[in-house]
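Enquirer: See input_1.txt below, with compact mmCIF, C-alpha atoms.
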# COMPACT_ATOMS: atom_id res chain seq x y z
CA MET A 1 7.34 0.94 -16.23
CA VAL A 2 6.45 4.18 -14.48
CA SER A 3 3.98 5.08 -17.22
CA LYS A 4 2.16 1.79 -16.71
CA PHE A 5 1.32 2.82 -13.19
CA ALA A 6 -0.25 6.18 -13.90
CA LEU A 7 -3.23 5.27 -11.75
CA LEU A 8 -0.96 4.72 -8.78
CA THR A 9 1.25 7.75 -9.27
CA ASN A 10 -1.65 10.14 -9.76
CA LEU A 11 -3.40 8.62 -6.81
CA PHE A 12 -0.61 9.27 -4.34
CA LEU A 13 -0.08 12.78 -5.62
CA ALA A 14 -3.78 13.55 -5.46
CA SER A 15 -4.38 11.98 -2.08
CA ALA A 16 -1.62 14.07 -0.56
CA ALA A 17 -2.49 17.29 -2.34
CA LEU A 18 -5.05 18.39 0.21
CA ALA A 19 -2.58 18.15 3.07
CA THR A 20 -1.27 21.45 4.44
CA PRO A 21 1.95 20.63 6.32
CA SER A 22 4.54 23.19 7.35
CA SER A 23 6.48 24.73 4.46
CA ARG A 24 9.65 22.72 5.29
CA LEU A 25 7.77 19.44 5.59
CA GLY A 26 5.68 20.29 2.56
CA ALA A 27 8.79 20.91 0.45
CA ARG A 28 10.31 17.61 1.55
CA LEU A 29 7.13 15.68 0.81
CA THR A 30 6.89 17.34 -2.60
CA ARG A 31 10.42 16.20 -3.44
CA ARG A 32 9.59 12.68 -2.23
CA ARG A 33 6.45 12.49 -4.37
CA GLU A 34 8.44 13.49 -7.45
CA ASN A 35 10.87 10.58 -6.94
CA ARG A 36 8.64 8.06 -5.13
CA GLN A 37 7.31 5.06 -7.02
CA SER A 38 5.30 2.09 -5.87
CA GLN A 39 5.97 -1.10 -7.80
CA PRO A 40 4.17 -4.34 -8.58
CA ILE A 41 5.09 -7.23 -6.34
CA ASN A 42 8.60 -8.63 -6.73
CA ARG A 43 8.19 -12.27 -5.69
CA LEU A 44 11.16 -14.26 -4.40
CA GLU A 45 12.14 -17.86 -3.98
CA SER A 46 12.76 -17.73 -0.23
CA THR A 47 16.08 -18.89 1.19
CA ALA A 48 14.82 -18.45 4.76
CA THR A 49 14.31 -21.52 6.91
CA GLY A 50 11.61 -22.38 9.41
CA ILE A 51 9.08 -20.00 7.84
CA SER A 52 5.72 -21.39 6.78
CA ASN A 53 4.11 -18.49 4.90
CA VAL A 54 3.11 -19.21 1.34
CA ALA A 55 5.12 -16.58 -0.55
CA TYR A 56 7.89 -14.02 -0.18
CA SER A 57 8.54 -10.69 -1.81
CA GLU A 58 11.22 -8.03 -1.75
CA ASN A 59 8.71 -5.19 -1.45
CA TRP A 60 5.19 -6.35 -0.44
CA ALA A 61 3.86 -7.83 2.81
CA GLY A 62 0.19 -8.67 3.21
CA ALA A 63 -2.50 -10.68 1.47
CA VAL A 64 -3.22 -10.97 -2.25
CA TRP A 65 -6.06 -12.64 -4.11
CA ALA A 66 -5.51 -13.76 -7.72
CA GLU A 67 -8.72 -14.69 -9.54
CA GLY A 68 -10.07 -14.36 -13.07
CA SER A 69 -10.18 -11.08 -14.97
CA GLY A 70 -13.07 -8.83 -13.93
CA THR A 71 -13.40 -10.39 -10.46
CA PHE A 72 -12.54 -7.35 -8.32
CA THR A 73 -13.91 -3.83 -8.62
CA THR A 74 -13.80 -2.66 -4.99
CA VAL A 75 -11.28 -3.20 -2.18
CA THR A 76 -11.45 -1.61 1.26
CA GLY A 77 -9.73 -1.83 4.61
CA THR A 78 -9.25 0.19 7.80
CA PHE A 79 -6.03 0.47 9.79
CA THR A 80 -4.47 2.55 12.55
CA VAL A 81 -1.64 4.90 11.58
CA PRO A 82 1.60 3.39 12.94
CA ALA A 83 4.52 5.17 14.60
CA PRO A 84 7.52 4.06 12.53
CA SER A 85 11.07 3.89 13.83
CA GLY A 86 14.48 3.36 12.30
CA SER A 87 17.15 5.40 10.60
CA SER A 88 16.36 8.84 9.24
CA GLY A 89 14.60 8.51 5.89
CA SER A 90 13.42 4.95 6.44
CA ALA A 91 9.84 4.55 5.34
CA ALA A 92 7.01 2.26 4.31
CA SER A 93 3.44 2.54 3.07
CA ALA A 94 0.14 0.84 3.88
CA TRP A 95 -2.52 0.58 1.20
CA VAL A 96 -5.31 -1.38 -0.45
CA GLY A 97 -5.39 -2.01 -4.17
CA ILE A 98 -6.57 -3.74 -7.30
CA ASP A 99 -3.99 -5.56 -9.49
CA GLY A 100 -0.20 -5.39 -9.40
CA ASP A 101 0.49 -9.10 -8.84
CA THR A 102 -0.52 -11.50 -11.63
CA CYS A 103 -1.70 -8.42 -13.55
CA ASP A 104 1.05 -5.81 -13.86
CA THR A 105 -0.30 -3.56 -16.61
CA ALA A 106 -1.84 -1.13 -14.10
CA ILE A 107 -2.63 -0.81 -10.42
CA LEU A 108 -5.29 1.18 -8.61
CA GLN A 109 -4.43 1.77 -4.96
CA THR A 110 -4.70 4.20 -2.08
CA GLY A 111 -3.09 4.47 1.34
CA ILE A 112 -0.46 6.41 3.26
CA ASP A 113 3.31 6.71 3.36
CA PHE A 114 5.07 7.02 6.73
CA THR A 115 8.66 8.22 7.02
CA VAL A 116 11.09 8.54 9.94
CA ASP A 117 12.37 12.12 10.32
CA SER A 118 15.90 13.15 11.19
CA ASN A 119 14.77 13.82 14.78
CA GLY A 120 13.30 10.34 15.13
CA GLY A 121 9.71 11.50 14.64
CA ALA A 122 7.47 10.61 11.73
CA SER A 123 5.83 12.36 8.81
CA TYR A 124 2.81 11.10 6.89
CA ASP A 125 1.98 11.65 3.24
CA ALA A 126 -1.81 11.39 3.22
CA VAL A 127 -4.91 13.03 4.70
CA SER A 128 -3.89 15.97 6.90
CA PRO A 129 -3.46 15.80 9.78
CA SER A 130 -2.55 12.15 10.33
CA VAL A 131 -0.82 11.11 13.52
CA PRO A 132 -0.08 7.76 15.14
CA GLY A 133 -3.30 6.28 16.47
CA ASP A 134 -5.57 7.83 13.85
CA GLU A 135 -7.92 5.36 12.19
CA ILE A 136 -7.72 5.44 8.39
CA LYS A 137 -10.29 3.85 6.06
CA THR A 138 -9.03 3.25 2.52
CA THR A 139 -11.16 2.26 -0.47
CA VAL A 140 -10.56 1.87 -4.20
CA THR A 141 -13.28 1.23 -6.76
CA ALA A 142 -12.78 0.59 -10.47
CA TYR A 143 -15.53 2.15 -12.57
CA SER A 144 -14.00 0.44 -15.61
CA THR A 145 -10.62 -1.04 -16.49
CA THR A 146 -9.27 2.47 -17.18
CA SER A 147 -11.04 4.60 -14.56
CA GLY A 148 -11.76 4.49 -10.86
CA VAL A 149 -11.94 6.34 -7.58
CA ALA A 150 -9.68 6.33 -4.52
CA ILE A 151 -10.96 7.37 -1.10
CA ILE A 152 -8.99 7.94 2.09
CA GLU A 153 -11.06 8.74 5.17
CA ASN A 154 -9.45 9.75 8.44
CA VAL A 155 -12.15 8.31 10.67
CA THR A 156 -10.61 9.94 13.75
CA THR A 157 -10.63 13.51 12.39
CA GLY A 158 -13.53 13.17 9.96
CA LYS A 159 -11.47 14.39 6.98
CA THR A 160 -11.86 12.60 3.63
CA VAL A 161 -10.01 12.82 0.31
CA THR A 162 -11.74 11.47 -2.81
CA GLN A 163 -10.00 11.36 -6.18
CA ASP A 164 -11.35 10.16 -9.52
CA LEU A 165 -8.65 8.65 -11.74
CA THR A 166 -8.20 7.64 -15.36
CA SER A 167 -5.38 5.87 -17.21
CA SER A 168 -4.56 4.73 -20.73
CA TYR A 169 -3.32 1.45 -19.22
CA ALA A 170 -6.00 -1.10 -18.38
CA LEU A 171 -6.63 -2.92 -15.13
CA CYS A 172 -7.32 -6.65 -15.29
CA GLU A 173 -9.39 -6.56 -12.07
CA GLU A 174 -7.97 -9.96 -11.11
CA ASN A 175 -5.98 -9.05 -7.97
CA ALA A 176 -7.20 -7.63 -4.66
CA GLU A 177 -4.66 -6.83 -1.95
CA TRP A 178 -4.02 -5.32 1.47
CA ILE A 179 -0.35 -4.38 1.66
CA VAL A 180 2.50 -2.86 3.64
CA GLU A 181 5.12 -1.91 1.05
CA ASP A 182 8.77 -1.00 0.96
CA PHE A 183 8.42 1.45 -1.94
CA GLU A 184 11.05 2.84 -4.29
CA GLU A 185 12.62 6.27 -4.36
CA ASN A 186 15.03 7.33 -7.10
CA GLY A 187 14.91 3.80 -8.50
CA ALA A 188 15.85 1.94 -5.31
CA LEU A 189 13.97 0.60 -2.31
CA VAL A 190 13.93 3.02 0.62
CA PRO A 191 15.31 1.72 3.93
CA PHE A 192 12.39 -0.26 5.35
CA ALA A 193 11.04 1.34 8.53
CA ASP A 194 10.08 -0.63 11.62
CA PHE A 195 6.34 0.08 11.49
CA GLY A 196 5.44 -2.11 14.47
CA THR A 197 2.10 -3.62 13.49
CA VAL A 198 -0.41 -2.63 10.83
CA THR A 199 -3.76 -4.35 11.19
CA PHE A 200 -6.28 -4.06 8.37
CA SER A 201 -9.79 -4.55 9.78
CA SER A 202 -13.11 -4.75 7.91
CA ALA A 203 -10.96 -5.77 4.95
CA THR A 204 -13.09 -6.89 2.02
CA ALA A 205 -13.00 -7.09 -1.76
CA SER A 206 -15.90 -7.56 -4.14
CA GLY A 207 -16.96 -7.29 -7.75
CA SER A 208 -19.79 -7.64 -10.20
CA SER A 209 -20.44 -11.27 -9.21
CA GLY A 210 -21.58 -10.16 -5.76
CA SER A 211 -19.11 -12.42 -3.96
CA THR A 212 -17.21 -10.94 -1.02
CA TYR A 213 -13.59 -11.84 -0.32
CA THR A 214 -11.60 -11.24 2.87
CA PRO A 215 -7.85 -11.66 3.47
CA THR A 216 -8.50 -15.12 4.89
CA GLY A 217 -7.85 -17.60 2.10
CA ALA A 218 -5.71 -15.22 0.07
CA THR A 219 -2.00 -15.78 -0.54
CA LEU A 220 -0.04 -14.43 2.41
CA ILE A 221 3.19 -12.64 1.55
CA ASP A 222 6.13 -11.66 3.76
CA ILE A 223 8.95 -9.29 2.88
CA GLU A 224 12.36 -10.90 2.65
CA GLN A 225 15.50 -8.86 2.02
CA ASN A 226 19.13 -10.05 2.12
CA ASN A 227 17.96 -13.56 3.12
CA LYS A 228 16.14 -12.17 6.16
CA VAL A 229 12.37 -12.20 6.64
CA LEU A 230 11.29 -8.79 7.94
CA THR A 231 7.54 -9.30 8.44
CA SER A 232 5.03 -11.78 9.82
CA VAL A 233 1.55 -11.88 8.31
CA SER A 234 -1.59 -13.54 9.69
CA THR A 235 -5.34 -13.42 9.08
CA SER A 236 -8.56 -13.96 10.97
CA GLY A 237 -11.79 -13.46 9.05
CA SER A 238 -11.79 -9.93 7.62
CA THR A 239 -8.70 -8.92 9.61
CA LEU A 240 -5.14 -8.97 8.31
CA THR A 241 -2.19 -8.36 10.67
CA VAL A 242 1.23 -7.40 9.32
CA LYS A 243 4.01 -7.26 11.92
CA TYR A 244 7.59 -6.03 11.56
CA VAL A 245 9.89 -8.66 13.09
Turn the structure described in the file into structure tokens.
Expert:
Amino acid sequence: MVSKFALLTNLFLASAALATPSSRLGARLTRRRENRQSQPINRLESTATGISNVAYSENWAGAVWAEGSGTFTTVTGTFTVPAPSGSSGSAASAWVGIDGDTCDTAILQTGIDFTVDSNGGASYDAVSPSVPGDEIKTTVTAYSTTSGVAIIENVTTGKTVTQDLTSSYALCEENAEWIVEDFEENGALVPFADFGTVTFSSATASGSSGSTYTPTGATLIDIEQNNKVLTSVSTSGSTLTVKYV
């Protein structure tokens, strides 16, 4: 399955490559990248009660559109870097992407990872430097089903990383999403960090048809683990709010 997501893996490695953290932090982040893997959505049949959201997942929280093949070629969204808390090593990521839900042959995405350090602080695997409160604009565009570009712009600092990507596995261009993810490391989900709130603003998706989609109207997804719902998702126009609860 890892090979199917070459677009994703290369993207996260490339987007972090321009960062210049301290040697100790840099070594740790390098080890994490080698073992870190985002995954397509793992949908669940919820056993929670009193929750009205449409769908539940073990690893994704956010909003996902599922339309016909070739619908989506660009997805963008802007969010503020959170200050995560929790046990040492707990983590999460925030990103925008194309495919990974009803189409699981490939996924094109970009965003940031945030991890709680042993001293209770946080480290960020993305544009350097990124600190809580920085505004991050993320955009992915598919040039074709096997090539695209990922852009992360730190609006606060003015730094931008742009990476062109290719893969032998084809996108379907049928999903557009804005997601907070509990990603995998060494084949298992990392402890999910309390990220507070991640709000995607100016969140849009579009394609060759010229139609523009926002999170409003998409399927909303909350993370549920061990029969407990860990997030609360809501939308308003082009804004998507994902809260840790």
Enquirer: What separation in Å, quoted to one decimal, exists between atom CA of A:Val131 and atom CA of A:Val245?
Expert: 22.5 Å
Enquirer: Please write as JSON, numbers by chain the list of polymer residues whose atoms come within 12 Å of (5.4, -9.7, -1.9), counting all atoms listed in the file and keeping to the coordinates of the file.
Expert: {"A": [39, 40, 41, 42, 43, 44, 45, 46, 53, 54, 55, 56, 57, 58, 59, 60, 61, 62, 63, 64, 100, 101, 102, 177, 178, 179, 180, 181, 182, 183, 219, 220, 221, 222, 223, 224, 225, 229, 230, 231, 232, 233]}
Enquirer: Would you pick out the contacts of stretch 68-77 of chain A at 7 Å or less, using only C-alpha atoms, so that residues sharing its chain but fewer than 2 positions from it are not included, and give the list as an MDAnalysis selection string?
Expert: chainID A and resid 79 96:98 137:142 172:176 200:208
Enquirer: Could you state the separation of atom CA of A:Thr145 and atom CA of A:Leu165 in Å, given to one decimal place?
Expert: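 These atoms are spaced 11.0 Å apart.
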Enquirer: Which residues are close to A:Pro191, i.e. within 9 Å by only C-alpha atoms, leaving aside same-chain residues fewer than 2 positions away? Reply as a ChimeraX atom specification.
Expert: /A:86-92,182,189,193
Enquirer: Determine, counting all atoms listed in the file, which protein, DNA and RNA residues have an atom within 7 Å of an atom of A:Leu171; residues of the same chain fewer than 4 positions away are not included. Present the result as an mmCIF file with C-alpha atoms, keeping the file's coordinate frame.
Expert:
data_model
loop_
_atom_site.group_PDB
_atom_site.id
_atom_site.type_symbol
_atom_site.label_atom_id
_atom_site.label_comp_id
_atom_site.auth_asym_id
_atom_site.auth_seq_id
_atom_site.Cartn_x
_atom_site.Cartn_y
_atom_site.Cartn_z
ATOM 1 C CA ASP A 99 -3.990 -5.560 -9.490
ATOM 2 C CA THR A 105 -0.300 -3.560 -16.610
ATOM 3 C CA ALA A 106 -1.840 -1.130 -14.100
ATOM 4 C CA ILE A 107 -2.630 -0.810 -10.420
ATOM 5 C CA THR A 145 -10.620 -1.040 -16.490
ATOM 6 C CA THR A 146 -9.270 2.470 -17.180
#
Enquirer: How far is it from atom CA of A:Val149 to atom CA of A:Thr162, in Å with one decimal?
Expert: 7.0 Å
Enquirer: Find the residue from A:Tyr213, A:Tyr169, A:Tyr143, A:Phe195 that sits nearest to A:Pro84; use only C-alpha atoms when measuring.
Expert: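 The closest residue to A:Pro84 is A:Phe195.
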Enquirer: Rank nothing, just name the residue among A:Ala170, A:Leu240, A:Val190, A:Ala218 nearest to A:Asp113, using only C-alpha atoms.
Expert: A:Val190
Enquirer: Using only C-alpha atoms, which of the listed residues (A:Ser238, A:Thr197, A:Glu185, A:Asp125) sits closest to A:Gly217?
Expert: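 Residue with the minimum atom-to-atom distance to A:Gly217: A:Ser238.
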Enquirer: Near stretch 235-237 of chain A, within 7 Å and counting all atoms listed in the file, which residues show up once chain neighbours fewer than 6 positions away are dropped, as a short mmCIF file (atom, residue, chain, number, x, y, z; two decimals) with C-alpha atoms, keeping the file's coordinate frame?
Expert:
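Produced file result-v6.cif, reproduced below:
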data_model
loop_
_atom_site.label_atom_id
_atom_site.label_comp_id
_atom_site.auth_asym_id
_atom_site.auth_seq_id
_atom_site.Cartn_x
_atom_site.Cartn_y
_atom_site.Cartn_z
CA THR A 214 -11.60 -11.24 2.87
CA PRO A 215 -7.85 -11.66 3.47
CA THR A 216 -8.50 -15.12 4.89
#
